[in-house]
Each structure stands twice: as C-alpha cells, then as structure tokens.
file entry.csv (CSV, C-alpha atoms)
chain,number,residue,atom,x,y,z
A,1,MET,CA,43.5,10.4,48.4
A,2,THR,CA,40.3,12.3,48.0
A,3,SER,CA,39.7,15.5,50.0
A,4,ASN,CA,36.8,13.9,51.8
A,5,GLU,CA,39.0,11.0,53.0
A,6,TRP,CA,41.5,13.7,54.2
A,7,LYS,CA,38.7,15.6,55.9
A,8,SER,CA,37.6,12.4,57.8
A,9,ARG,CA,41.1,12.4,59.5
A,10,GLY,CA,40.6,15.7,61.1
A,11,ASN,CA,38.3,18.0,63.1
A,12,PHE,CA,37.3,21.6,63.2
A,13,LEU,CA,38.5,23.7,66.1
A,14,LYS,CA,37.4,27.3,66.9
A,15,VAL,CA,40.5,29.5,67.0
A,16,ASN,CA,40.2,33.3,67.3
A,17,ASN,CA,36.5,33.2,66.3
A,18,ASN,CA,37.1,31.1,63.2
A,19,ARG,CA,36.8,27.4,62.4
A,20,LEU,CA,40.1,25.8,61.5
A,21,PHE,CA,40.5,22.3,60.0
A,22,VAL,CA,43.0,20.4,62.1
A,23,ILE,CA,44.6,17.0,61.9
A,24,ASP,CA,46.2,15.8,65.1
A,25,THR,CA,47.7,12.3,65.1
A,26,ASN,CA,47.9,12.2,68.9
A,27,ASN,CA,46.7,8.9,70.4
A,28,ASP,CA,47.5,6.6,73.2
A,29,SER,CA,50.3,4.9,71.3
A,30,ASN,CA,52.3,8.0,70.5
A,31,LYS,CA,51.7,10.3,73.5
A,32,SER,CA,55.3,10.1,74.5
A,33,GLN,CA,56.5,11.1,71.0
A,34,LYS,CA,57.8,14.5,70.0
A,35,SER,CA,55.4,16.9,68.4
A,36,MET,CA,55.8,18.2,64.9
A,37,VAL,CA,53.7,21.1,63.7
A,38,VAL,CA,53.3,21.6,59.9
A,39,LEU,CA,52.7,24.9,58.1
A,40,HIS,CA,51.5,24.4,54.5
A,41,GLY,CA,52.0,26.5,51.4
A,42,TYR,CA,50.0,28.6,49.0
A,43,PRO,CA,47.5,28.2,47.5
A,44,THR,CA,46.9,24.7,48.6
A,45,SER,CA,46.2,23.1,52.0
A,46,SER,CA,47.3,20.5,54.5
A,47,LEU,CA,46.3,17.9,51.9
A,48,ASP,CA,49.8,18.4,50.5
A,49,TYR,CA,51.0,16.1,53.2
A,50,TYR,CA,48.9,13.1,52.6
A,51,LYS,CA,51.8,11.0,51.2
A,52,VAL,CA,54.1,11.7,54.2
A,53,LEU,CA,51.7,11.8,57.1
A,54,PRO,CA,51.4,8.0,57.7
A,55,GLU,CA,55.2,7.5,58.0
A,56,LEU,CA,55.9,10.8,59.8
A,57,SER,CA,53.2,10.0,62.4
A,58,LYS,CA,55.2,6.9,63.4
A,59,SER,CA,57.9,9.1,64.8
A,60,TYR,CA,56.0,12.2,65.8
A,61,ARG,CA,52.7,13.4,67.0
A,62,VAL,CA,51.9,15.5,63.9
A,63,ILE,CA,49.6,18.5,63.9
A,64,LEU,CA,48.6,20.0,60.6
A,65,HIS,CA,46.0,22.7,60.0
A,66,ASP,CA,44.6,24.6,57.1
A,67,HIS,CA,45.5,28.3,57.4
A,68,LEU,CA,42.6,30.7,57.6
A,69,GLY,CA,41.4,31.2,54.0
A,70,PHE,CA,42.7,27.8,52.8
A,71,GLY,CA,41.4,24.3,52.4
A,72,PHE,CA,38.6,23.3,54.8
A,73,SER,CA,39.2,26.2,57.2
A,74,ASP,CA,36.9,29.3,57.2
A,75,LYS,CA,37.3,31.8,54.4
A,76,PRO,CA,35.8,35.0,55.8
A,77,LYS,CA,35.4,37.7,53.1
A,78,ASN,CA,35.9,40.9,55.1
A,79,VAL,CA,39.2,40.3,56.8
A,80,VAL,CA,42.7,41.3,55.9
A,81,TYR,CA,44.7,38.1,55.5
A,82,SER,CA,48.1,38.5,57.0
A,83,LEU,CA,51.0,36.2,57.6
A,84,VAL,CA,51.3,37.9,61.1
A,85,LYS,CA,47.7,36.9,61.7
A,86,GLN,CA,48.3,33.4,60.5
A,87,ALA,CA,51.1,33.2,63.1
A,88,ASP,CA,48.7,34.4,65.8
A,89,ILE,CA,46.3,31.7,64.8
A,90,ALA,CA,48.9,28.9,64.7
A,91,LEU,CA,50.2,29.8,68.1
A,92,GLU,CA,46.7,29.9,69.6
A,93,LEU,CA,45.9,26.5,68.1
A,94,TRP,CA,49.0,25.0,69.6
A,95,ARG,CA,48.2,26.5,72.9
A,96,GLN,CA,44.7,25.0,72.8
A,97,LEU,CA,46.3,21.6,72.1
A,98,GLY,CA,48.6,21.9,75.1
A,99,LEU,CA,51.8,21.8,73.1
A,100,LYS,CA,55.0,22.8,75.1
A,101,LYS,CA,57.8,21.6,72.8
A,102,ILE,CA,57.6,21.5,69.0
A,103,TYR,CA,59.5,20.6,65.8
A,104,LEU,CA,58.4,23.3,63.4
A,105,PHE,CA,58.1,22.2,59.7
A,106,ALA,CA,57.2,24.8,57.1
A,107,HIS,CA,56.9,25.0,53.3
A,108,ASP,CA,56.3,27.9,50.9
A,109,TYR,CA,53.8,30.4,52.4
A,110,GLY,CA,54.3,28.6,55.7
A,111,THR,CA,58.0,29.5,55.9
A,112,SER,CA,57.0,33.2,56.5
A,113,VAL,CA,54.5,32.3,59.2
A,114,ALA,CA,57.4,30.3,60.7
A,115,THR,CA,59.8,33.2,60.5
A,116,GLU,CA,57.3,35.5,62.3
A,117,ILE,CA,57.1,32.8,65.0
A,118,ILE,CA,60.9,32.7,65.2
A,119,ALA,CA,61.0,36.5,65.6
A,120,ARG,CA,58.7,36.2,68.6
A,121,TYR,CA,60.6,33.2,70.0
A,122,ASN,CA,63.9,35.1,69.8
A,123,ALA,CA,62.3,37.9,71.8
A,124,ASN,CA,61.1,35.4,74.5
A,125,GLU,CA,57.5,36.2,73.8
A,126,LEU,CA,56.3,32.6,73.5
A,127,ASP,CA,55.6,29.9,76.1
A,128,ILE,CA,56.5,27.1,73.8
A,129,LYS,CA,59.9,25.6,73.1
A,130,ILE,CA,61.0,25.2,69.5
A,131,GLU,CA,63.3,22.1,69.3
A,132,GLN,CA,64.0,22.4,65.6
A,133,LEU,CA,63.0,24.4,62.6
A,134,ILE,CA,62.7,22.7,59.2
A,135,LEU,CA,62.4,25.0,56.2
A,136,THR,CA,61.5,23.7,52.7
A,137,ASN,CA,61.2,25.7,49.5
A,138,GLY,CA,59.8,29.0,50.5
A,139,SER,CA,60.6,32.4,48.9
A,140,ILE,CA,61.9,33.8,52.2
A,141,HIS,CA,64.3,35.9,50.3
A,142,ILE,CA,61.6,37.3,48.1
A,143,GLU,CA,64.0,39.5,46.2
A,144,LEU,CA,65.5,36.2,44.7
A,145,SER,CA,62.1,34.6,44.0
A,146,GLN,CA,61.0,33.9,40.5
A,147,LEU,CA,57.2,34.6,40.8
A,148,ARG,CA,54.8,33.2,38.4
A,149,THR,CA,52.8,35.6,36.3
A,150,ILE,CA,49.5,34.4,37.9
A,151,GLN,CA,51.0,35.4,41.4
A,152,LYS,CA,51.9,38.8,40.2
A,153,LEU,CA,48.4,39.4,38.7
A,154,LEU,CA,46.6,38.0,41.8
A,155,LYS,CA,48.5,40.3,44.2
A,156,HIS,CA,47.7,43.4,42.0
A,157,LYS,CA,45.8,45.9,44.1
A,158,PHE,CA,43.1,46.5,41.5
A,159,LEU,CA,43.3,43.6,39.0
A,160,GLY,CA,43.6,40.8,41.6
A,161,LYS,CA,39.9,40.2,42.3
A,162,TYR,CA,39.1,40.2,38.6
A,163,VAL,CA,41.9,37.8,37.8
A,164,ALA,CA,40.6,35.5,40.6
A,165,LYS,CA,37.2,35.4,39.0
A,166,LEU,CA,38.7,34.4,35.6
A,167,THR,CA,41.1,31.7,37.1
A,168,ASN,CA,39.9,28.2,36.4
A,169,PHE,CA,41.0,24.6,36.7
A,170,PRO,CA,42.9,24.5,33.3
A,171,ILE,CA,44.9,27.5,34.3
A,172,PHE,CA,45.6,26.1,37.8
A,173,ARG,CA,46.5,22.7,36.3
A,174,LYS,CA,49.0,24.3,33.9
A,175,ASN,CA,50.7,26.4,36.5
A,176,MET,CA,51.0,23.5,38.9
A,177,LYS,CA,52.5,21.1,36.4
A,178,ASN,CA,55.0,23.8,35.5
A,179,ILE,CA,56.5,23.8,39.0
A,180,TYR,CA,57.0,20.0,39.2
A,181,PHE,CA,60.3,18.7,37.9
A,182,ASP,CA,58.5,15.6,36.6
A,183,SER,CA,54.9,16.6,35.8
A,184,SER,CA,54.0,13.0,35.3
A,185,LYS,CA,54.2,12.5,39.0
A,186,VAL,CA,51.1,14.6,39.6
A,187,THR,CA,47.7,13.2,38.4
A,188,ASP,CA,44.8,15.3,37.2
A,189,ASN,CA,42.8,13.8,40.1
A,190,GLU,CA,45.3,15.1,42.6
A,191,LEU,CA,45.1,18.5,41.0
A,192,LYS,CA,41.3,18.5,40.9
A,193,GLU,CA,41.3,17.8,44.6
A,194,MET,CA,43.6,20.7,45.2
A,195,TRP,CA,41.5,23.0,43.0
A,196,GLU,CA,38.2,22.0,44.7
A,197,LEU,CA,39.7,22.9,48.1
A,198,ILE,CA,40.8,26.3,46.8
A,199,GLU,CA,37.2,27.0,45.5
A,200,LEU,CA,35.5,25.5,48.6
A,201,ASN,CA,33.3,27.9,50.6
A,202,GLY,CA,33.9,30.8,48.3
A,203,GLY,CA,37.6,30.5,48.2
A,204,ARG,CA,37.9,32.2,44.9
A,205,GLU,CA,36.6,35.4,46.5
A,206,VAL,CA,39.5,35.6,48.9
A,207,ILE,CA,42.4,34.2,46.8
A,208,HIS,CA,43.6,37.7,45.7
A,209,LYS,CA,43.6,38.7,49.4
A,210,LEU,CA,45.7,35.7,50.3
A,211,THR,CA,48.2,36.6,47.6
A,212,GLN,CA,49.0,39.8,49.4
A,213,TYR,CA,51.5,37.7,51.5
A,214,ILE,CA,54.0,38.4,48.7
A,215,ASN,CA,53.9,42.1,49.6
A,216,GLU,CA,54.3,41.3,53.3
A,217,ARG,CA,57.5,39.4,52.6
A,218,TYR,CA,59.0,42.8,51.4
A,219,LEU,CA,57.4,44.7,54.3
A,220,TYR,CA,58.7,42.5,57.0
A,221,TRP,CA,61.9,41.5,55.3
A,222,ASP,CA,64.2,43.0,58.0
A,223,ARG,CA,62.2,41.5,60.8
A,224,TRP,CA,62.0,38.0,59.3
A,225,ILE,CA,65.5,37.7,57.8
A,226,GLY,CA,66.8,39.3,60.9
A,227,ALA,CA,65.1,36.6,63.0
A,228,LEU,CA,66.8,33.8,61.1
A,229,LYS,CA,70.2,35.5,61.4
A,230,GLU,CA,69.7,35.7,65.2
A,231,THR,CA,68.0,32.4,66.0
A,232,ARG,CA,69.8,29.7,67.9
A,233,VAL,CA,67.2,27.1,67.0
A,234,GLN,CA,68.7,24.1,65.3
A,235,THR,CA,67.6,24.4,61.6
A,236,LYS,CA,67.3,22.0,58.8
A,237,ILE,CA,67.0,23.5,55.3
A,238,ILE,CA,65.6,20.8,52.9
A,239,TRP,CA,65.5,22.2,49.4
A,240,ALA,CA,64.2,20.8,46.1
A,241,LYS,CA,66.8,21.9,43.6
A,242,ASN,CA,64.6,22.2,40.6
A,243,ASP,CA,62.0,24.6,42.0
A,244,PRO,CA,61.5,27.4,39.5
A,245,ILE,CA,60.0,29.7,42.1
A,246,ALA,CA,61.9,29.3,45.4
A,247,VAL,CA,65.2,28.9,43.5
A,248,PRO,CA,68.3,27.2,44.9
A,249,ALA,CA,69.9,30.6,45.5
A,250,ILE,CA,67.5,31.2,48.3
A,251,ALA,CA,68.6,28.1,50.2
A,252,LYS,CA,72.2,28.9,49.7
A,253,LEU,CA,71.8,32.3,51.2
A,254,LEU,CA,69.8,31.0,54.1
A,255,ALA,CA,72.5,28.4,54.8
A,256,LYS,CA,75.0,31.3,55.1
A,257,GLU,CA,72.8,33.4,57.3
A,258,ILE,CA,71.2,30.9,59.8
A,259,PRO,CA,73.8,30.2,62.6
A,260,ASN,CA,73.0,26.6,63.5
A,261,ASN,CA,71.8,25.0,60.2
A,262,ILE,CA,72.4,22.1,57.8
A,263,LEU,CA,71.4,22.2,54.2
A,264,PHE,CA,70.1,19.1,52.4
A,265,TRP,CA,69.4,19.2,48.6
A,266,MET,CA,66.8,17.1,46.9
A,267,GLU,CA,67.7,16.5,43.3
A,268,ASN,CA,65.2,16.1,40.4
A,269,THR,CA,62.4,17.6,42.4
A,270,GLY,CA,60.2,20.7,42.0
A,271,HIS,CA,58.3,23.0,44.3
A,272,PHE,CA,56.0,20.5,45.9
A,273,LEU,CA,58.7,18.2,47.2
A,274,MET,CA,56.3,16.4,49.7
A,275,LEU,CA,54.2,15.3,46.7
A,276,GLU,CA,56.8,14.7,44.1
A,277,SER,CA,59.5,12.9,46.2
A,278,PRO,CA,57.8,12.0,49.5
A,279,LYS,CA,60.2,9.1,50.4
A,280,GLU,CA,63.3,11.2,50.1
A,281,LEU,CA,61.8,14.1,52.0
A,282,LEU,CA,60.8,11.7,54.8
A,283,GLU,CA,64.4,10.3,55.0
A,284,LEU,CA,65.8,13.8,55.4
A,285,ILE,CA,63.2,14.9,58.0
A,286,LEU,CA,63.8,11.8,60.1
A,287,LYS,CA,67.6,11.9,59.7
A,288,ASN,CA,68.9,11.5,63.3
A,289,ASN,CA,72.5,12.7,63.0
A,290,TYR,CA,72.2,16.4,62.6
A,291,ASN,CA,75.8,16.8,61.6
A,292,ASN,CA,75.8,14.0,59.0
A,293,ASN,CA,75.1,15.4,55.6
call {"tool": "encode", "arguments": {"input": "entry.csv", "output": "structure tokens"}}
result
Amino acid sequence: MTSNEWKSRGNFLKVNNNRLFVIDTNNDSNKSQKSMVVLHGYPTSSLDYYKVLPELSKSYRVILHDHLGFGFSDKPKNVVYSLVKQADIALELWRQLGLKKIYLFAHDYGTSVATEIIARYNANELDIKIEQLILTNGSIHIELSQLRTIQKLLKHKFLGKYVAKLTNFPIFRKNMKNIYFDSSKVTDNELKEMWELIELNGGREVIHKLTQYINERYLYWDRWIGALKETRVQTKIIWAKNDPIAVPAIAKLLAKEIPNNILFWMENTGHFLMLESPKELLELILKNNYNNN
C-alpha cells in the first residue's frame, strides 16, 4: 500500500494545537463493536498496520493515529518531544472521539506511551475504561534492550542532529532489514514508503528529538514498571521471538511482573511483527479464550 492510499483512509484532527493524522474505522455497521486504539512504534507511523487493519476492523472499531512528530502528523521544530506528552495527546484524541471503553494495543515506542496511560489509570485519573492491554515488542525494560548503533547516535545530546542530517534511505533500509527475521518479507517499496513518511514535513529535523524517548525510559522506569506491576487490567503480551532489539528476556520479565497476563510467542518473526507475520498476530489479538494459550 502507498502512503497516499493510507492517507486517504484517514483525516486530520486538531489535538492540543497540533494536527494529528487519524484513522477511525467507525461506521454504521460497527457502532456496536468494541473500540481498539493502536499506538505505533519508532521511527515509523500508523502505516505499520496496513496489513492487519482490514481484518481487525471486522471485530473492532479501530482508531490509529500518527504520534506528534511521526508520519502525516505535525512535526513542530521547537517542542520537546516526550512520551508523557504523547500520552496527553492520545488521551485528548480519544476524548474528542467520545471513547469510553478501549482495548489498548501498543508496539515499540507506543508501549511506553501505554505504560504512562496505565500509571494514570491505576491512579483513577482517567475517565475512560481500559478493557484490555496488548503489549508487543517494546523495550519497556530498557536495561535489557539491545539498541541499534543508529539509535544510540541519534539520541546523543550533541551528535544527534548531525547524525540525523547524514541519515539516508540506504542506511534506513539496512537497519530495517536487520530487524526482520526474514528480510525477504519486506520490499524496497514498503521501506521507501516508511522512509518518505519519516522525511515528510521536515521530519529529519526532529528525528533526534524523538529519539530522546530512550532516555525517558530510564527516567520514568520506576513509574512505568511500577504501573505494570500494580495494574489489574487484563494484559496480553504478544512477542516476536526473533526481535534483536526488544529481546525475549523483556517479555519473560513482563510476564512475571504483570499480575493478570498471558504471554504468546511468535516464532520466526522479528521486530515488526504486524508486517512480517500479520496473520499470526491477528489470530493472537482476536483469540477469545484469554486463559487458552
């Protein structure tokens, strides 16, 4: 799917003084369905879900948005990009859409936005009910993560902006292929669409700022890991076993810490599980019997 085709499925909504790109599958035929909100990963966009959205939207009203600084959403130059701020934005978007009960599905960068939301939920600060949390391949336990060299360089306080200027499609292509289990499952056209959305609207000028999320995972470690240990929200952990960044040890530890969880493994799959093994991911998301693994 091209980025323009994906764009045609959504709209732009103003949230906290910025334009967000939002896809909402709500229509007359699914108004009675449960609502699933999706928080995408770094450094890509909601386009990551183009393979799973058609089937997922048969069972849920699905709401996806590009985080501020990502994809088609605004990429302001003079702001501090924060996972806490991204949580503020997501919650305000869902309020505007009138959501009262949600299934919260998060991947990669999005898992830390989700844990900030769970921390607020535990403290009874939200007017929305979270029916289920679905976590997929995010370096929530940042101390166990195997960061790529490019991530370490981009988050560097002084070097980051210069590294961002030098980064190009061949570098991006190489790094992305390295985090697939089977790199033949991603085409150059797919990768070009991803790269174009990163560069769109001056995105290269903010990518080093977005990468500061890694430091936030250390800064808020106690709050976010603590929130998962305390939550009573039913949680599915769906983990691609061959992810070289968000390694299996993270999922195993989360499964020990989160009180009401079930862990599902995806074999022969890398970091972008929704792109590499979409059918298997869908089966696990839609699995009805929570206690049947």
call {"tool": "residues_around", "arguments": {"input": "entry.csv", "residues": "segment 107-112 of chain A", "least_positions_apart": "5", "cutoff": "9 Å", "atoms": "all atoms listed in the file", "output": "ChimeraX atom specification"}}
result
/A:38-43,67,83-84,87,117,134-140,213-214,217,224,246,271-272
call {"tool": "closest_residue", "arguments": {"input": "entry.csv", "among": "A:Lys85, A:Tyr50, A:Leu275, A:Glu280", "to": "Glu5 of chain A", "atoms": "all atoms listed in the file"}}
result
A:Tyr50
call {"tool": "atom_distance", "arguments": {"input": "entry.csv", "atom1": "atom CA of Lys101 of chain A", "atom2": "atom CA of Gln234 of chain A"}}
result
13.5 Å
call {"tool": "residues_near_point", "arguments": {"input": "entry.csv", "point": "(36.7, 30.0, 58.0)", "cutoff": "10 Å", "atoms": "only C-alpha atoms", "output": "ChimeraX atom specification"}}
result
/A:12,14-15,17-21,66-77,201,203
call {"tool": "residues_around", "arguments": {"input": "entry.csv", "residues": "segment 257-260 of chain A", "least_positions_apart": "6", "cutoff": "9 Å", "atoms": "all atoms listed in the file", "output": "list in words"}}
result
Ile225, Ala227, Leu228, Lys229, Glu230, Thr231, Arg232, Val233, Gln234, Thr235 and Lys236 of chain A
call {"tool": "atom_distance", "arguments": {"input": "entry.csv", "atom1": "atom CA of Ala251 of chain A", "atom2": "atom CA of Leu56 of chain A"}}
result
23.5 Å
call {"tool": "residues_around", "arguments": {"input": "entry.csv", "residues": "Ile245 of chain A", "least_positions_apart": "6", "cutoff": "6 Å", "atoms": "all atoms listed in the file", "output": "VMD selection string"}}
result
chain A and resid 145 to 147
call {"tool": "atom_distance", "arguments": {"input": "entry.csv", "atom1": "atom CA of Leu64 of chain A", "atom2": "atom CA of Asn288 of chain A"}}
result
22.2 Å
call {"tool": "closest_residue", "arguments": {"input": "entry.csv", "among": "A:Leu53, A:Leu104, A:Leu91, A:Ile142", "to": "Arg120 of chain A", "atoms": "all atoms listed in the file"}}
result
A:Leu91
call {"tool": "closest_residue", "arguments": {"input": "entry.csv", "among": "A:Leu93, A:Leu133, A:Leu273, A:Leu47", "to": "Trp195 of chain A", "atoms": "only C-alpha atoms"}}
result
A:Leu47
call {"tool": "residues_around", "arguments": {"input": "entry.csv", "residues": "segment 176-185 of chain A", "least_positions_apart": "6", "cutoff": "7 Å", "atoms": "only C-alpha atoms", "output": "ChimeraX atom specification"}}
result
/A:242-244,268-272,276
